[in-house]
Amino acid sequence: SCSLAVQLAKVRSSVLIISTDPAHNISDAFDQKFSKIPTRVEGFTNLFAMEIDPNIGYAELPDEYFD
């Protein structure tokens, strides 16, 4: 999924990759810490990543995700 996100970032204006895996594989793949807030991936201007815990539920996510 990370390599696909990188390829999409080459042809799309903005890409967001989201992981619900508690192992934080996206952080490992990009060697960068991510959280429940979309964060720009280092080395890219249009690729963002976030890792969320599927057990927290929608109530824990910031309201701006639902605008």
# chains A, B, ... in the order shown; residues from 1 in each chain; ligands from 1
call {"tool": "residues_around", "arguments": {"residues": "Glu42 in chain A", "least_positions_apart": "5", "cutoff": "12 Å", "atoms": "only C-alpha atoms", "output": "MDAnalysis selection string"}}
result
chainID A and resid 6 27 29:34 47:49
call {"tool": "write_last_selection", "arguments": {"atoms": "all heavy atoms", "output": "PDB file, in the first residue's frame"}}
result
ATOM      1  N   VAL A   6       2.941   6.011  -3.031  1.00  0.00           N
ATOM      2  CA  VAL A   6       4.050   6.778  -3.630  1.00  0.00           C
ATOM      3  C   VAL A   6       3.822   6.936  -5.127  1.00  0.00           C
ATOM      4  O   VAL A   6       3.997   8.028  -5.686  1.00  0.00           O
ATOM      5  CB  VAL A   6       5.407   6.098  -3.334  1.00  0.00           C
ATOM      6  CG1 VAL A   6       6.516   6.701  -4.180  1.00  0.00           C
ATOM      7  CG2 VAL A   6       5.740   6.198  -1.853  1.00  0.00           C
ATOM      8  N   SER A  27       4.373   3.764   9.497  1.00  0.00           N
ATOM      9  CA  SER A  27       5.494   4.450  10.157  1.00  0.00           C
ATOM     10  C   SER A  27       6.808   3.738   9.878  1.00  0.00           C
ATOM     11  O   SER A  27       7.831   4.376   9.639  1.00  0.00           O
ATOM     12  CB  SER A  27       5.267   4.526  11.669  1.00  0.00           C
ATOM     13  OG  SER A  27       4.251   5.451  11.988  1.00  0.00           O
ATOM     14  N   ALA A  29       7.482   1.769   7.237  1.00  0.00           N
ATOM     15  CA  ALA A  29       7.810   1.863   5.816  1.00  0.00           C
ATOM     16  C   ALA A  29       8.411   3.212   5.450  1.00  0.00           C
ATOM     17  O   ALA A  29       9.348   3.288   4.648  1.00  0.00           O
ATOM     18  CB  ALA A  29       6.568   1.596   4.978  1.00  0.00           C
ATOM     19  N   PHE A  30       7.896   4.280   6.039  1.00  0.00           N
ATOM     20  CA  PHE A  30       8.383   5.620   5.721  1.00  0.00           C
ATOM     21  C   PHE A  30       9.403   6.129   6.739  1.00  0.00           C
ATOM     22  O   PHE A  30       9.890   7.244   6.610  1.00  0.00           O
ATOM     23  CB  PHE A  30       7.217   6.606   5.611  1.00  0.00           C
ATOM     24  CG  PHE A  30       6.363   6.399   4.385  1.00  0.00           C
ATOM     25  CD1 PHE A  30       5.056   5.958   4.502  1.00  0.00           C
ATOM     26  CD2 PHE A  30       6.866   6.646   3.118  1.00  0.00           C
ATOM     27  CE1 PHE A  30       4.259   5.776   3.390  1.00  0.00           C
ATOM     28  CE2 PHE A  30       6.084   6.466   1.985  1.00  0.00           C
ATOM     29  CZ  PHE A  30       4.781   6.027   2.121  1.00  0.00           C
ATOM     30  N   ASP A  31       9.702   5.334   7.749  1.00  0.00           N
ATOM     31  CA  ASP A  31      10.647   5.721   8.802  1.00  0.00           C
ATOM     32  C   ASP A  31      10.276   7.084   9.384  1.00  0.00           C
ATOM     33  O   ASP A  31      11.116   7.972   9.521  1.00  0.00           O
ATOM     34  CB  ASP A  31      12.080   5.719   8.258  1.00  0.00           C
ATOM     35  CG  ASP A  31      13.115   5.762   9.375  1.00  0.00           C
ATOM     36  OD1 ASP A  31      12.820   5.280  10.482  1.00  0.00           O
ATOM     37  OD2 ASP A  31      14.224   6.280   9.140  1.00  0.00           O
ATOM     38  N   GLN A  32       8.997   7.204   9.714  1.00  0.00           N
ATOM     39  CA  GLN A  32       8.449   8.458  10.218  1.00  0.00           C
ATOM     40  C   GLN A  32       7.249   8.121  11.086  1.00  0.00           C
ATOM     41  O   GLN A  32       6.471   7.238  10.759  1.00  0.00           O
ATOM     42  CB  GLN A  32       8.033   9.333   9.024  1.00  0.00           C
ATOM     43  CG  GLN A  32       7.459  10.665   9.362  1.00  0.00           C
ATOM     44  CD  GLN A  32       7.067  11.463   8.122  1.00  0.00           C
ATOM     45  OE1 GLN A  32       7.451  11.127   7.005  1.00  0.00           O
ATOM     46  NE2 GLN A  32       6.300  12.498   8.306  1.00  0.00           N
ATOM     47  N   LYS A  33       7.061   8.819  12.172  1.00  0.00           N
ATOM     48  CA  LYS A  33       5.947   8.560  13.084  1.00  0.00           C
ATOM     49  C   LYS A  33       4.680   9.242  12.574  1.00  0.00           C
ATOM     50  O   LYS A  33       4.692  10.418  12.229  1.00  0.00           O
ATOM     51  CB  LYS A  33       6.294   9.058  14.494  1.00  0.00           C
ATOM     52  CG  LYS A  33       5.213   8.855  15.505  1.00  0.00           C
ATOM     53  CD  LYS A  33       4.993   7.391  15.782  1.00  0.00           C
ATOM     54  CE  LYS A  33       3.909   7.225  16.844  1.00  0.00           C
ATOM     55  NZ  LYS A  33       3.179   5.997  16.702  1.00  0.00           N
ATOM     56  N   PHE A  34       3.580   8.490  12.519  1.00  0.00           N
ATOM     57  CA  PHE A  34       2.280   9.025  12.137  1.00  0.00           C
ATOM     58  C   PHE A  34       1.283   8.795  13.265  1.00  0.00           C
ATOM     59  O   PHE A  34       1.467   7.912  14.095  1.00  0.00           O
ATOM     60  CB  PHE A  34       1.781   8.362  10.846  1.00  0.00           C
ATOM     61  CG  PHE A  34       2.676   8.616   9.675  1.00  0.00           C
ATOM     62  CD1 PHE A  34       3.493   7.608   9.190  1.00  0.00           C
ATOM     63  CD2 PHE A  34       2.724   9.854   9.074  1.00  0.00           C
ATOM     64  CE1 PHE A  34       4.344   7.829   8.115  1.00  0.00           C
ATOM     65  CE2 PHE A  34       3.573  10.093   7.997  1.00  0.00           C
ATOM     66  CZ  PHE A  34       4.380   9.073   7.521  1.00  0.00           C
ATOM     67  N   LEU A  47       1.766  13.847  -0.414  1.00  0.00           N
ATOM     68  CA  LEU A  47       1.476  12.523   0.154  1.00  0.00           C
ATOM     69  C   LEU A  47       1.367  12.643   1.667  1.00  0.00           C
ATOM     70  O   LEU A  47       2.279  13.164   2.319  1.00  0.00           O
ATOM     71  CB  LEU A  47       2.573  11.520  -0.217  1.00  0.00           C
ATOM     72  CG  LEU A  47       2.449  10.106   0.352  1.00  0.00           C
ATOM     73  CD1 LEU A  47       1.120   9.463  -0.016  1.00  0.00           C
ATOM     74  CD2 LEU A  47       3.616   9.246  -0.108  1.00  0.00           C
ATOM     75  N   PHE A  48       0.240  12.183   2.188  1.00  0.00           N
ATOM     76  CA  PHE A  48      -0.043  12.272   3.611  1.00  0.00           C
ATOM     77  C   PHE A  48      -0.371  10.881   4.138  1.00  0.00           C
ATOM     78  O   PHE A  48      -0.866  10.031   3.400  1.00  0.00           O
ATOM     79  CB  PHE A  48      -1.216  13.221   3.873  1.00  0.00           C
ATOM     80  CG  PHE A  48      -0.959  14.612   3.389  1.00  0.00           C
ATOM     81  CD1 PHE A  48      -1.166  14.947   2.060  1.00  0.00           C
ATOM     82  CD2 PHE A  48      -0.473  15.580   4.245  1.00  0.00           C
ATOM     83  CE1 PHE A  48      -0.910  16.229   1.596  1.00  0.00           C
ATOM     84  CE2 PHE A  48      -0.216  16.862   3.797  1.00  0.00           C
ATOM     85  CZ  PHE A  48      -0.425  17.184   2.474  1.00  0.00           C
ATOM     86  N   ALA A  49      -0.090  10.658   5.409  1.00  0.00           N
ATOM     87  CA  ALA A  49      -0.366   9.360   6.024  1.00  0.00           C
ATOM     88  C   ALA A  49      -0.927   9.564   7.419  1.00  0.00           C
ATOM     89  O   ALA A  49      -0.661  10.572   8.077  1.00  0.00           O
ATOM     90  CB  ALA A  49       0.908   8.523   6.089  1.00  0.00           C
TER      91      ALA A  49
END
call {"tool": "closest_residue", "arguments": {"among": "A:Asn46, A:Thr39, A:Gln7, A:Asn55", "to": "Ile26 in chain A", "atoms": "only C-alpha atoms"}}
result
A:Thr39
call {"tool": "select_by_dssp", "arguments": {"residues": "range 20-52 of chain A", "states": "strand (DSSP E)", "output": "list in words"}}
result
Thr39, Arg40, Leu47, Phe48, Ala49, Met50 and Glu51 of chain A
call {"tool": "atom_distance", "arguments": {"atom1": "CA of Asn25 in chain A", "atom2": "CA of Asp53 in chain A"}}
result
12.7 Å
call {"tool": "residues_around", "arguments": {"residues": "Thr45 in chain A", "least_positions_apart": "3", "cutoff": "10 Å", "atoms": "only C-alpha atoms", "output": "ChimeraX atom specification"}}
result
/A:9,13-15,40-42,48
call {"tool": "select_by_dssp", "arguments": {"residues": "range 4-59 of chain A", "states": "alpha helix (DSSP H)", "output": "count of residues only"}}
result
12
call {"tool": "atom_distance", "arguments": {"atom1": "CA of Ile56 in chain A", "atom2": "CA of Ser1 in chain A"}}
result
22.8 Å
call {"tool": "atom_distance", "arguments": {"atom1": "CA of Ala23 in chain A", "atom2": "CA of Cys2 in chain A"}}
result
14.4 Å
call {"tool": "closest_residue", "arguments": {"among": "A:Phe44, A:Ala5, A:Pro38, A:Glu51", "to": "His24 in chain A", "atoms": "only C-alpha atoms"}}
result
A:Glu51
call {"tool": "closest_residue", "arguments": {"among": "A:Val11, A:Met50, A:Leu4, A:Ile17", "to": "Lys36 in chain A", "atoms": "only C-alpha atoms"}}
result
A:Met50
